[in-house]
file model.cif (mmCIF, C-alpha atoms, pLDDT in the B column; chains and numbers go by the auth columns)
data_upload
#
loop_
_atom_site.group_PDB
_atom_site.id
_atom_site.type_symbol
_atom_site.label_atom_id
_atom_site.label_comp_id
_atom_site.label_asym_id
_atom_site.label_seq_id
_atom_site.Cartn_x
_atom_site.Cartn_y
_atom_site.Cartn_z
_atom_site.B_iso_or_equiv
_atom_site.auth_seq_id
_atom_site.auth_asym_id
ATOM 1 C CA MET A 1 0.000 0.000 0.000 62.00 1 A
ATOM 2 C CA THR A 2 1.330 3.427 -0.979 74.00 2 A
ATOM 3 C CA ALA A 3 0.932 5.927 1.829 72.00 3 A
ATOM 4 C CA LYS A 4 -1.423 8.815 1.075 86.00 4 A
ATOM 5 C CA LEU A 5 -1.184 10.514 4.447 89.00 5 A
ATOM 6 C CA SER A 6 1.361 11.817 6.879 90.00 6 A
ATOM 7 C CA ILE A 7 0.209 11.157 10.460 92.00 7 A
ATOM 8 C CA SER A 8 2.331 12.937 13.053 92.00 8 A
ATOM 9 C CA GLU A 9 3.125 12.091 16.669 93.00 9 A
ATOM 10 C CA SER A 10 0.522 14.613 17.797 94.00 10 A
ATOM 11 C CA CYS A 11 -2.256 12.136 16.916 95.00 11 A
ATOM 12 C CA ILE A 12 -4.273 11.320 20.065 94.00 12 A
ATOM 13 C CA GLY A 13 -6.252 8.419 18.610 94.00 13 A
ATOM 14 C CA CYS A 14 -9.606 10.123 19.026 95.00 14 A
ATOM 15 C CA GLY A 15 -10.982 8.272 15.997 94.00 15 A
ATOM 16 C CA GLN A 16 -12.729 11.228 14.387 94.00 16 A
ATOM 17 C CA CYS A 17 -10.783 10.681 11.168 95.00 17 A
ATOM 18 C CA VAL A 18 -11.937 7.057 11.066 95.00 18 A
ATOM 19 C CA LYS A 19 -15.583 8.112 11.380 95.00 19 A
ATOM 20 C CA VAL A 20 -15.437 10.524 8.422 94.00 20 A
ATOM 21 C CA CYS A 21 -13.366 8.308 6.091 93.00 21 A
ATOM 22 C CA ILE A 22 -15.952 7.068 3.595 90.00 22 A
ATOM 23 C CA ARG A 23 -13.399 4.724 2.019 90.00 23 A
ATOM 24 C CA GLY A 24 -12.620 2.773 5.186 90.00 24 A
ATOM 25 C CA HIS A 25 -8.940 3.626 4.746 92.00 25 A
ATOM 26 C CA LEU A 26 -8.179 4.528 8.379 93.00 26 A
ATOM 27 C CA ALA A 27 -8.227 2.689 11.689 93.00 27 A
ATOM 28 C CA ILE A 28 -7.007 3.189 15.242 94.00 28 A
ATOM 29 C CA SER A 29 -4.055 0.931 16.045 93.00 29 A
ATOM 30 C CA ASP A 30 -3.370 -0.916 19.277 91.00 30 A
ATOM 31 C CA ASP A 31 -1.153 1.942 20.420 90.00 31 A
ATOM 32 C CA LYS A 32 -4.099 4.345 20.009 92.00 32 A
ATOM 33 C CA ARG A 33 -2.944 6.139 16.894 93.00 33 A
ATOM 34 C CA ALA A 34 -4.554 6.582 13.496 94.00 34 A
ATOM 35 C CA ILE A 35 -3.045 4.425 10.757 93.00 35 A
ATOM 36 C CA GLU A 36 -3.726 3.786 7.095 92.00 36 A
ATOM 37 C CA ILE A 37 -5.045 0.347 6.212 91.00 37 A
ATOM 38 C CA ASP A 38 -5.864 -1.520 3.032 87.00 38 A
ATOM 39 C CA SER A 39 -9.473 -1.028 1.983 85.00 39 A
ATOM 40 C CA PRO A 40 -11.532 -2.052 -1.042 84.00 40 A
ATOM 41 C CA TYR A 41 -11.539 1.480 -2.469 82.00 41 A
ATOM 42 C CA ASP A 42 -8.356 3.022 -1.031 82.00 42 A
ATOM 43 C CA CYS A 43 -7.897 6.691 -0.148 87.00 43 A
ATOM 44 C CA PHE A 44 -9.116 9.181 -2.754 86.00 44 A
ATOM 45 C CA ARG A 45 -7.700 12.306 -1.114 87.00 45 A
ATOM 46 C CA CYS A 46 -10.991 13.860 -0.013 90.00 46 A
ATOM 47 C CA GLY A 47 -9.208 15.404 2.965 90.00 47 A
ATOM 48 C CA HIS A 48 -12.020 14.854 5.480 92.00 48 A
ATOM 49 C CA CYS A 49 -9.535 13.295 7.897 93.00 49 A
ATOM 50 C CA GLU A 50 -7.188 16.267 7.675 92.00 50 A
ATOM 51 C CA ALA A 51 -10.038 18.744 8.010 91.00 51 A
ATOM 52 C CA ILE A 52 -11.538 17.160 11.133 93.00 52 A
ATOM 53 C CA CYS A 53 -8.390 16.288 13.101 93.00 53 A
ATOM 54 C CA PRO A 54 -8.377 18.305 16.365 92.00 54 A
ATOM 55 C CA LYS A 55 -4.573 18.148 16.620 92.00 55 A
ATOM 56 C CA ASN A 56 -3.711 18.928 12.971 91.00 56 A
ATOM 57 C CA ALA A 57 -1.894 15.596 12.907 92.00 57 A
ATOM 58 C CA ILE A 58 -2.910 14.469 9.415 93.00 58 A
ATOM 59 C CA THR A 59 -1.604 15.842 6.136 91.00 59 A
ATOM 60 C CA LEU A 60 -2.377 14.658 2.625 90.00 60 A
ATOM 61 C CA LEU A 61 0.998 13.879 1.082 88.00 61 A
ATOM 62 C CA ASP A 62 -0.033 15.192 -2.346 85.00 62 A
ATOM 63 C CA PHE A 63 -0.661 18.605 -0.803 82.00 63 A
ATOM 64 C CA ILE A 64 1.952 18.700 1.932 71.00 64 A
ATOM 65 C CA ASP A 65 3.191 22.159 0.875 71.00 65 A
ATOM 66 C CA ASP A 66 -0.287 23.714 0.825 70.00 66 A
ATOM 67 C CA MET A 67 -1.228 25.770 3.863 69.00 67 A
ATOM 68 C CA GLN A 68 -4.785 25.110 5.002 71.00 68 A
ATOM 69 C CA LYS A 69 -6.880 27.554 7.000 74.00 69 A
ATOM 70 C CA ASP A 70 -8.975 26.876 10.074 79.00 70 A
ATOM 71 C CA VAL A 71 -12.732 26.820 9.572 79.00 71 A
ATOM 72 C CA VAL A 72 -14.425 29.107 12.090 75.00 72 A
ATOM 73 C CA SER A 73 -17.930 29.429 10.635 83.00 73 A
ATOM 74 C CA CYS A 74 -19.666 29.883 7.309 85.00 74 A
ATOM 75 C CA PRO A 75 -18.212 33.132 5.879 86.00 75 A
ATOM 76 C CA VAL A 76 -21.534 34.085 4.243 89.00 76 A
ATOM 77 C CA ASP A 77 -24.847 34.342 6.044 92.00 77 A
ATOM 78 C CA PRO A 78 -27.924 32.792 4.353 93.00 78 A
ATOM 79 C CA SER A 79 -29.589 36.099 3.509 95.00 79 A
ATOM 80 C CA ALA A 80 -26.458 37.434 1.805 93.00 80 A
ATOM 81 C CA LEU A 81 -26.050 34.245 -0.195 92.00 81 A
ATOM 82 C CA ALA A 82 -29.716 34.298 -1.191 93.00 82 A
ATOM 83 C CA GLY A 83 -29.190 37.885 -2.326 92.00 83 A
ATOM 84 C CA LEU A 84 -26.289 36.828 -4.527 92.00 84 A
ATOM 85 C CA TYR A 85 -28.429 34.141 -6.155 93.00 85 A
ATOM 86 C CA ARG A 86 -31.292 36.588 -6.649 93.00 86 A
ATOM 87 C CA ASN A 87 -29.286 39.541 -7.988 93.00 87 A
ATOM 88 C CA ARG A 88 -27.032 37.647 -10.385 93.00 88 A
ATOM 89 C CA ARG A 89 -28.158 37.891 -14.009 93.00 89 A
ATOM 90 C CA SER A 90 -26.871 36.570 -17.304 95.00 90 A
ATOM 91 C CA MET A 91 -24.867 39.297 -19.053 95.00 91 A
ATOM 92 C CA ARG A 92 -24.381 39.587 -22.819 96.00 92 A
ATOM 93 C CA TRP A 93 -23.284 43.196 -23.262 96.00 93 A
ATOM 94 C CA PHE A 94 -19.648 44.090 -22.582 96.00 94 A
ATOM 95 C CA ASP A 95 -17.418 47.120 -22.952 94.00 95 A
ATOM 96 C CA ARG A 96 -14.066 45.363 -22.615 95.00 96 A
ATOM 97 C CA LYS A 97 -12.409 42.011 -22.108 97.00 97 A
ATOM 98 C CA CYS A 98 -11.070 40.649 -18.833 97.00 98 A
ATOM 99 C CA THR A 99 -7.378 40.707 -18.029 97.00 99 A
ATOM 100 C CA LYS A 100 -5.411 37.495 -17.639 96.00 100 A
ATOM 101 C CA GLU A 101 -5.100 38.229 -13.917 96.00 101 A
ATOM 102 C CA GLU A 102 -8.870 38.597 -13.566 97.00 102 A
ATOM 103 C CA LEU A 103 -9.524 35.360 -15.420 97.00 103 A
ATOM 104 C CA SER A 104 -6.884 33.473 -13.436 96.00 104 A
ATOM 105 C CA GLY A 105 -8.408 34.616 -10.149 94.00 105 A
ATOM 106 C CA LEU A 106 -11.874 33.817 -11.406 94.00 106 A
ATOM 107 C CA ILE A 107 -11.007 30.260 -12.408 96.00 107 A
ATOM 108 C CA ALA A 108 -9.118 29.720 -9.158 94.00 108 A
ATOM 109 C CA SER A 109 -12.439 30.227 -7.369 91.00 109 A
ATOM 110 C CA ALA A 110 -13.562 26.852 -8.742 94.00 110 A
ATOM 111 C CA GLY A 111 -10.645 25.041 -7.135 91.00 111 A
ATOM 112 C CA TYR A 112 -12.830 23.741 -4.321 90.00 112 A
ATOM 113 C CA SER A 113 -15.811 22.697 -6.429 95.00 113 A
ATOM 114 C CA PRO A 114 -16.877 19.104 -5.724 94.00 114 A
ATOM 115 C CA THR A 115 -16.114 16.356 -8.246 93.00 115 A
ATOM 116 C CA ALA A 116 -17.259 12.756 -8.586 91.00 116 A
ATOM 117 C CA GLU A 117 -15.058 10.452 -6.484 88.00 117 A
ATOM 118 C CA ASN A 118 -13.050 13.575 -5.597 88.00 118 A
ATOM 119 C CA SER A 119 -11.145 13.093 -8.851 89.00 119 A
ATOM 120 C CA GLN A 120 -10.516 16.859 -9.079 91.00 120 A
ATOM 121 C CA ALA A 121 -10.310 16.107 -12.801 94.00 121 A
ATOM 122 C CA VAL A 122 -11.532 19.431 -14.114 97.00 122 A
ATOM 123 C CA GLN A 123 -9.448 21.459 -16.545 98.00 123 A
ATOM 124 C CA PHE A 124 -10.130 24.819 -18.164 98.00 124 A
ATOM 125 C CA ALA A 125 -9.268 26.552 -21.402 98.00 125 A
ATOM 126 C CA VAL A 126 -9.615 30.279 -22.041 98.00 126 A
ATOM 127 C CA ILE A 127 -10.468 31.319 -25.589 98.00 127 A
ATOM 128 C CA ASP A 128 -9.058 34.815 -26.063 97.00 128 A
ATOM 129 C CA GLU A 129 -6.625 35.607 -28.872 96.00 129 A
ATOM 130 C CA SER A 130 -7.831 32.550 -30.790 97.00 130 A
ATOM 131 C CA PHE A 131 -11.484 33.611 -30.582 97.00 131 A
ATOM 132 C CA ASP A 132 -11.990 33.964 -34.360 97.00 132 A
ATOM 133 C CA GLN A 133 -10.358 30.619 -35.138 97.00 133 A
ATOM 134 C CA PHE A 134 -12.498 28.905 -32.522 98.00 134 A
ATOM 135 C CA MET A 135 -15.659 30.457 -33.959 98.00 135 A
ATOM 136 C CA GLN A 136 -14.669 29.189 -37.409 97.00 136 A
ATOM 137 C CA LEU A 137 -14.113 25.672 -36.116 98.00 137 A
ATOM 138 C CA THR A 138 -17.433 25.732 -34.267 98.00 138 A
ATOM 139 C CA ALA A 139 -19.274 26.938 -37.367 97.00 139 A
ATOM 140 C CA SER A 140 -17.661 24.294 -39.566 97.00 140 A
ATOM 141 C CA ILE A 141 -18.841 21.562 -37.189 98.00 141 A
ATOM 142 C CA LEU A 142 -22.363 22.954 -36.942 97.00 142 A
ATOM 143 C CA SER A 143 -22.780 23.696 -40.649 96.00 143 A
ATOM 144 C CA SER A 144 -24.415 20.312 -41.261 95.00 144 A
ATOM 145 C CA HIS A 145 -26.845 20.814 -38.350 96.00 145 A
ATOM 146 C CA THR A 146 -28.360 24.196 -39.220 95.00 146 A
ATOM 147 C CA GLN A 147 -31.756 22.642 -39.911 95.00 147 A
ATOM 148 C CA GLU A 148 -32.042 21.661 -36.234 95.00 148 A
ATOM 149 C CA HIS A 149 -32.541 25.208 -34.942 95.00 149 A
ATOM 150 C CA PRO A 150 -32.667 28.724 -36.460 95.00 150 A
ATOM 151 C CA ARG A 151 -29.941 29.918 -34.089 95.00 151 A
ATOM 152 C CA LEU A 152 -27.478 27.435 -35.561 96.00 152 A
ATOM 153 C CA GLU A 153 -28.140 28.662 -39.085 96.00 153 A
ATOM 154 C CA GLN A 154 -27.834 32.276 -37.951 96.00 154 A
ATOM 155 C CA PHE A 155 -24.455 31.588 -36.331 97.00 155 A
ATOM 156 C CA VAL A 156 -23.027 29.658 -39.287 97.00 156 A
ATOM 157 C CA ASN A 157 -24.099 32.425 -41.691 97.00 157 A
ATOM 158 C CA TYR A 158 -22.585 35.029 -39.355 97.00 158 A
ATOM 159 C CA VAL A 159 -19.206 33.289 -39.312 97.00 159 A
ATOM 160 C CA ASN A 160 -19.187 32.497 -43.035 96.00 160 A
ATOM 161 C CA SER A 161 -19.936 36.139 -43.856 95.00 161 A
ATOM 162 C CA GLY A 162 -16.828 37.307 -41.984 96.00 162 A
ATOM 163 C CA MET A 163 -18.169 38.064 -38.477 95.00 163 A
ATOM 164 C CA LYS A 164 -18.474 41.755 -39.307 91.00 164 A
ATOM 165 C CA GLU A 165 -21.327 42.600 -36.974 89.00 165 A
ATOM 166 C CA LYS A 166 -20.686 43.220 -33.277 88.00 166 A
ATOM 167 C CA ASN A 167 -23.484 40.916 -32.128 92.00 167 A
ATOM 168 C CA ASN A 168 -22.314 37.303 -32.444 96.00 168 A
ATOM 169 C CA PRO A 169 -25.410 35.028 -32.346 95.00 169 A
ATOM 170 C CA PHE A 170 -23.595 32.698 -29.927 96.00 170 A
ATOM 171 C CA THR A 171 -21.519 35.076 -27.793 97.00 171 A
ATOM 172 C CA TRP A 172 -23.262 38.429 -28.323 96.00 172 A
ATOM 173 C CA GLU A 173 -20.650 41.085 -27.502 96.00 173 A
ATOM 174 C CA GLY A 174 -18.393 38.646 -25.666 96.00 174 A
ATOM 175 C CA ARG A 175 -14.921 37.967 -27.045 96.00 175 A
ATOM 176 C CA GLN A 176 -13.651 35.620 -24.339 97.00 176 A
ATOM 177 C CA LEU A 177 -14.816 32.142 -23.378 97.00 177 A
ATOM 178 C CA ILE A 178 -14.006 29.750 -20.571 98.00 178 A
ATOM 179 C CA VAL A 179 -14.424 26.067 -21.419 98.00 179 A
ATOM 180 C CA ALA A 180 -14.523 23.435 -18.668 98.00 180 A
ATOM 181 C CA PHE A 181 -13.526 19.809 -19.267 98.00 181 A
ATOM 182 C CA SER A 182 -14.197 16.854 -16.984 97.00 182 A
ATOM 183 C CA ARG A 183 -15.032 13.151 -16.843 96.00 183 A
ATOM 184 C CA PHE A 184 -18.668 13.736 -15.943 96.00 184 A
ATOM 185 C CA PRO A 185 -20.933 16.658 -16.938 96.00 185 A
ATOM 186 C CA ILE A 186 -21.831 17.569 -13.360 96.00 186 A
ATOM 187 C CA ASP A 187 -18.177 18.231 -12.454 97.00 187 A
ATOM 188 C CA SER A 188 -17.851 20.932 -15.128 97.00 188 A
ATOM 189 C CA ILE A 189 -21.313 22.346 -14.492 97.00 189 A
ATOM 190 C CA ILE A 190 -20.771 22.903 -10.765 97.00 190 A
ATOM 191 C CA ALA A 191 -17.316 24.405 -11.321 97.00 191 A
ATOM 192 C CA MET A 192 -18.593 26.766 -13.995 97.00 192 A
ATOM 193 C CA GLU A 193 -21.508 27.937 -11.885 96.00 193 A
ATOM 194 C CA GLN A 194 -19.074 28.797 -9.090 96.00 194 A
ATOM 195 C CA ILE A 195 -17.149 30.822 -11.673 97.00 195 A
ATOM 196 C CA ASP A 196 -20.403 32.487 -12.738 97.00 196 A
ATOM 197 C CA LEU A 197 -21.219 33.587 -9.188 96.00 197 A
ATOM 198 C CA MET A 198 -17.665 34.708 -8.505 96.00 198 A
ATOM 199 C CA ALA A 199 -17.732 36.749 -11.723 96.00 199 A
ATOM 200 C CA TYR A 200 -20.755 38.653 -10.441 95.00 200 A
ATOM 201 C CA SER A 201 -19.040 39.331 -7.113 94.00 201 A
ATOM 202 C CA MET A 202 -15.991 40.700 -9.004 95.00 202 A
ATOM 203 C CA GLY A 203 -18.063 43.108 -11.083 95.00 203 A
ATOM 204 C CA LEU A 204 -17.729 40.916 -14.171 97.00 204 A
ATOM 205 C CA GLY A 205 -20.511 39.221 -16.076 95.00 205 A
ATOM 206 C CA GLY A 206 -21.311 36.470 -18.485 96.00 206 A
ATOM 207 C CA PHE A 207 -23.621 33.653 -19.457 97.00 207 A
ATOM 208 C CA HIS A 208 -23.566 29.921 -20.043 97.00 208 A
ATOM 209 C CA SER A 209 -23.530 28.869 -23.704 95.00 209 A
ATOM 210 C CA ARG A 210 -25.619 25.891 -24.754 92.00 210 A
ATOM 211 C CA TRP A 211 -24.976 26.214 -28.480 94.00 211 A
ATOM 212 C CA ILE A 212 -21.186 26.024 -28.454 96.00 212 A
ATOM 213 C CA LEU A 213 -21.458 22.798 -26.494 95.00 213 A
ATOM 214 C CA GLN A 214 -23.494 21.331 -29.346 95.00 214 A
ATOM 215 C CA ALA A 215 -20.383 21.475 -31.527 96.00 215 A
ATOM 216 C CA SER A 216 -18.610 19.298 -28.958 95.00 216 A
ATOM 217 C CA GLU A 217 -21.524 16.868 -28.967 95.00 217 A
ATOM 218 C CA ASN A 218 -21.770 16.719 -32.771 96.00 218 A
ATOM 219 C CA ASP A 219 -18.065 16.139 -33.420 96.00 219 A
ATOM 220 C CA PRO A 220 -16.109 15.666 -30.188 95.00 220 A
ATOM 221 C CA GLN A 221 -12.891 14.678 -31.953 95.00 221 A
ATOM 222 C CA ARG A 222 -12.683 17.826 -34.074 96.00 222 A
ATOM 223 C CA PHE A 223 -13.816 20.010 -31.190 97.00 223 A
ATOM 224 C CA MET A 224 -11.181 18.596 -28.843 97.00 224 A
ATOM 225 C CA SER A 225 -8.471 18.993 -31.504 96.00 225 A
ATOM 226 C CA PHE A 226 -8.537 22.693 -30.593 97.00 226 A
ATOM 227 C CA PHE A 227 -7.419 21.776 -27.068 98.00 227 A
ATOM 228 C CA PRO A 228 -4.462 19.350 -27.384 97.00 228 A
ATOM 229 C CA GLU A 229 -3.266 20.249 -23.867 97.00 229 A
ATOM 230 C CA VAL A 230 -6.405 18.891 -22.205 97.00 230 A
ATOM 231 C CA ARG A 231 -6.294 15.359 -20.812 96.00 231 A
ATOM 232 C CA PRO A 232 -7.583 12.897 -23.435 95.00 232 A
ATOM 233 C CA ASP A 233 -10.064 11.301 -21.011 96.00 233 A
ATOM 234 C CA LEU A 234 -11.889 14.597 -20.413 97.00 234 A
ATOM 235 C CA LYS A 235 -14.679 16.187 -22.455 96.00 235 A
ATOM 236 C CA ALA A 236 -16.089 19.699 -22.714 97.00 236 A
ATOM 237 C CA TYR A 237 -19.243 20.010 -20.628 97.00 237 A
ATOM 238 C CA ALA A 238 -19.565 23.742 -19.892 97.00 238 A
ATOM 239 C CA VAL A 239 -18.863 26.976 -21.763 98.00 239 A
ATOM 240 C CA TYR A 240 -19.064 30.435 -20.218 98.00 240 A
ATOM 241 C CA ILE A 241 -18.886 33.749 -22.076 98.00 241 A
ATOM 242 C CA ILE A 242 -17.178 36.408 -19.940 97.00 242 A
ATOM 243 C CA GLY A 243 -16.404 40.131 -19.979 97.00 243 A
ATOM 244 C CA HIS A 244 -16.789 43.510 -18.271 98.00 244 A
ATOM 245 C CA PRO A 245 -20.471 44.517 -18.417 97.00 245 A
ATOM 246 C CA ARG A 246 -21.349 47.801 -20.111 95.00 246 A
ATOM 247 C CA ILE A 247 -24.850 47.895 -18.616 93.00 247 A
ATOM 248 C CA ARG A 248 -26.250 47.627 -15.115 92.00 248 A
ATOM 249 C CA PHE A 249 -29.544 45.998 -14.176 92.00 249 A
ATOM 250 C CA ARG A 250 -31.424 48.078 -11.631 92.00 250 A
ATOM 251 C CA ARG A 251 -33.763 45.518 -10.083 91.00 251 A
ATOM 252 C CA THR A 252 -34.531 41.847 -9.857 89.00 252 A
ATOM 253 C CA VAL A 253 -37.348 40.277 -11.837 89.00 253 A
ATOM 254 C CA PRO A 254 -39.894 37.607 -10.847 89.00 254 A
ATOM 255 C CA ARG A 255 -39.359 33.952 -11.580 89.00 255 A
ATOM 256 C CA ASP A 256 -41.653 30.950 -11.709 93.00 256 A
ATOM 257 C CA THR A 257 -41.929 29.101 -8.431 93.00 257 A
ATOM 258 C CA ARG A 258 -40.052 25.813 -8.629 92.00 258 A
ATOM 259 C CA GLN A 259 -42.273 22.848 -7.989 95.00 259 A
ATOM 260 C CA ILE A 260 -41.378 20.500 -5.163 96.00 260 A
ATOM 261 C CA PHE A 261 -42.670 16.952 -4.964 98.00 261 A
ATOM 262 C CA TRP A 262 -42.442 15.517 -1.478 97.00 262 A
ATOM 263 C CA LYS A 263 -42.321 11.739 -1.647 97.00 263 A
#
call {"tool": "encode", "arguments": {"input": "model.cif", "output": "structure tokens"}}
result
Amino acid sequence: MTAKLSISESCIGCGQCVKVCIRGHLAISDDKRAIEIDSPYDCFRCGHCEAICPKNAITLLDFIDDMQKDVVSCPVDPSALAGLYRNRRSMRWFDRKCTKEELSGLIASAGYSPTAENSQAVQFAVIDESFDQFMQLTASILSSHTQEHPRLEQFVNYVNSGMKEKNNPFTWEGRQLIVAFSRFPIDSIIAMEQIDLMAYSMGLGGFHSRWILQASENDPQRFMSFFPEVRPDLKAYAVYIIGHPRIRFRRTVPRDTRQIFWK
């Protein structure tokens, strides 16, 4: 068994790490200390043991140089968080692009988004200087699908005519995109929604693109050829258009009440 954890002498054998290990990878030894053991699923680096240890005795070896912070309480109260959800709106009108520093900080906000089996297998690509080339590739993939929806035909015609108008049918005034890649759709979707909310908090704006994802679905091999750096076992599952908003919404608007079925 390859060790995944460093367990220091400060361990008091309280067993809290054993209780939160969903992989059954930890036990308390005869000398009353936590130890790693063989288990059917092995450790998958969720970090619950490190996070709960009262003596800070456990460290994930893969992250031994990372400094973790103590959790005191939830940093956002429910009303403030509800306000963020309520006030955030999709934004399609921009006056300038984001800087590399802004985008890097924005994407870093998704570093703690949950992933299936804690794989942390989410990668991102930023379309910036290669925006026109990416639009051309997307249009070439979708050109044989224009009969499926008027928006597809509008976009393909827009690209083929030289993209002269400011309003791109797929990105509106946006000239930057963030693409998320993962093993499962939900991993990219959650990460990108965290980016969406962080963008609003930073004074940025954007919207999720359904249509660009269709190009990935229609011809995944050609679509992924634009991203040779991305791990070959990952697929594009979320696309976000981003920029500095040139308008400001003054109020919230009503929404349909979501139905709940209690079973």
call {"tool": "closest_residue", "arguments": {"input": "model.cif", "among": "A:Met163, A:Ile260, A:Leu152, A:Leu103", "to": "Ala199 in chain A", "atoms": "only C-alpha atoms"}}
result
A:Leu103
call {"tool": "residues_near_point", "arguments": {"input": "model.cif", "point": "(-10.3, 26.4, -6.7)", "cutoff": "12 Å", "atoms": "all atoms listed in the file", "output": "list of chain:residue names"}}
result
A:Ser104, A:Gly105, A:Leu106, A:Ile107, A:Ala108, A:Ser109, A:Ala110, A:Gly111, A:Tyr112, A:Ser113, A:Pro114, A:Thr115, A:Gln120, A:Ala121, A:Val122, A:Gln123, A:Phe124, A:Ile190, A:Ala191, A:Met192, A:Gln194, A:Ile195, A:Met198
call {"tool": "residues_near_point", "arguments": {"input": "model.cif", "point": "(-12.7, 45.4, -21.1)", "cutoff": "7 Å", "atoms": "only C-alpha atoms", "output": "VMD selection string"}}
result
chain A and resid 95 to 98 243 to 244
call {"tool": "write_last_selection", "arguments": {"input": "model.cif", "atoms": "C-alpha atoms", "output": "short mmCIF file (atom, residue, chain, number, x, y, z; two decimals), keeping the file's coordinate frame"}}
result
data_model
loop_
_atom_site.label_atom_id
_atom_site.label_comp_id
_atom_site.auth_asym_id
_atom_site.auth_seq_id
_atom_site.Cartn_x
_atom_site.Cartn_y
_atom_site.Cartn_z
CA ASP A 95 -17.42 47.12 -22.95
CA ARG A 96 -14.07 45.36 -22.62
CA LYS A 97 -12.41 42.01 -22.11
CA CYS A 98 -11.07 40.65 -18.83
CA GLY A 243 -16.40 40.13 -19.98
CA HIS A 244 -16.79 43.51 -18.27
#
call {"tool": "atom_distance", "arguments": {"input": "model.cif", "atom1": "CA of Tyr85 in chain A", "atom2": "CA of His208 in chain A"}}
result
15.3 Å
call {"tool": "resolve_selection", "arguments": {"input": "model.cif", "expression": "the PyMOL selection byres ((chain A and resi 214-221) around 9)", "output": "list in words"}}
result
Leu137, Thr138, Ala139, Ser140, Ile141, Leu142, His145, Arg210, Trp211, Ile212, Leu213, Arg222, Phe223, Met224, Ser225, Lys235, Ala236 and Tyr237 of chain A
call {"tool": "closest_residue", "arguments": {"input": "model.cif", "among": "A:Trp93, A:Phe155, A:Phe261, A:Phe227", "to": "Phe181 in chain A", "atoms": "all atoms listed in the file"}}
result
A:Phe227
call {"tool": "resolve_selection", "arguments": {"input": "model.cif", "expression": "the PyMOL selection byres ((chain A and resi 174) around 7)", "output": "list in words"}}
result
Arg92, Phe94, Thr171, Trp172, Glu173, Arg175, Gln176, Ile241, Ile242 and Gly243 of chain A
call {"tool": "atom_distance", "arguments": {"input": "model.cif", "atom1": "CA of Gln259 in chain A", "atom2": "CA of Leu81 in chain A"}}
result
21.3 Å
call {"tool": "atom_distance", "arguments": {"input": "model.cif", "atom1": "CA of Glu102 in chain A", "atom2": "CA of Val253 in chain A"}}
result
28.6 Å
call {"tool": "resolve_selection", "arguments": {"input": "model.cif", "expression": "the PyMOL selection byres ((chain A and resi 43) around 8)", "output": "VMD selection string"}}
result
chain A and resid 4 23 25 41 to 42 44 to 46
call {"tool": "residues_around", "arguments": {"input": "model.cif", "residues": "Ile12 in chain A", "least_positions_apart": "4", "cutoff": "12 Å", "atoms": "only C-alpha atoms", "output": "PyMOL selection string"}}
result
chain A and resi 7-8+16-17+28-29+31-35+53-58
call {"tool": "closest_residue", "arguments": {"input": "model.cif", "among": "A:Asn118, A:Ile22, A:Ser6, A:Asp233", "to": "Ile64 in chain A", "atoms": "only C-alpha atoms"}}
result
A:Ser6
call {"tool": "axis_aligned_box", "arguments": {"input": "model.cif", "around": "range 203-207 of chain A", "padding_each_side": "4 Å", "output": "lines of an AutoDock Vina configuration file"}}
result
center_x = -20.7
center_y = 38.4
center_z = -15.3
size_x = 13.9
size_y = 17.5
size_z = 16.4
call {"tool": "residues_around", "arguments": {"input": "model.cif", "residues": "Arg251 in chain A", "least_positions_apart": "6", "cutoff": "12 Å", "atoms": "all atoms listed in the file", "output": "ChimeraX atom specification"}}
result
/A:83,86-89
call {"tool": "write_last_selection", "arguments": {"input": "model.cif", "atoms": "C-alpha atoms", "output": "PDB file, in the frame of the given file"}}
result
ATOM      1  CA  GLY A  83     -29.190  37.885  -2.326  1.00 92.00           C
ATOM      2  CA  ARG A  86     -31.292  36.588  -6.649  1.00 93.00           C
ATOM      3  CA  ASN A  87     -29.286  39.541  -7.988  1.00 93.00           C
ATOM      4  CA  ARG A  88     -27.032  37.647 -10.385  1.00 93.00           C
ATOM      5  CA  ARG A  89     -28.158  37.891 -14.009  1.00 93.00           C
TER       6      ARG A  89
END
call {"tool": "decode", "arguments": {"input": "model.cif", "residues": "range 51-58 of chain A", "atoms": "N, CA and C atoms", "output": "tab-separated table (two decimals), in the first residue's frame"}}
result
chain	number	residue	atom	x	y	z
A	51	ALA	N	-9.21	17.60	7.63
A	51	ALA	CA	-10.04	18.74	8.01
A	51	ALA	C	-10.65	18.60	9.39
A	52	ILE	N	-10.86	17.36	9.85
A	52	ILE	CA	-11.54	17.16	11.13
A	52	ILE	C	-10.58	16.93	12.30
A	53	CYS	N	-9.33	16.63	12.03
A	53	CYS	CA	-8.39	16.29	13.10
A	53	CYS	C	-8.21	17.44	14.09
A	54	PRO	N	-8.47	17.22	15.38
A	54	PRO	CA	-8.38	18.31	16.37
A	54	PRO	C	-6.94	18.72	16.67
A	55	LYS	N	-5.98	17.87	16.31
A	55	LYS	CA	-4.57	18.15	16.62
A	55	LYS	C	-3.75	18.47	15.37
A	56	ASN	N	-4.42	18.62	14.22
A	56	ASN	CA	-3.71	18.93	12.97
A	56	ASN	C	-2.60	17.91	12.71
A	57	ALA	N	-2.91	16.65	13.00
A	57	ALA	CA	-1.89	15.60	12.91
A	57	ALA	C	-1.84	14.92	11.54
A	58	ILE	N	-2.82	15.17	10.70
A	58	ILE	CA	-2.91	14.47	9.41
A	58	ILE	C	-2.70	15.45	8.27
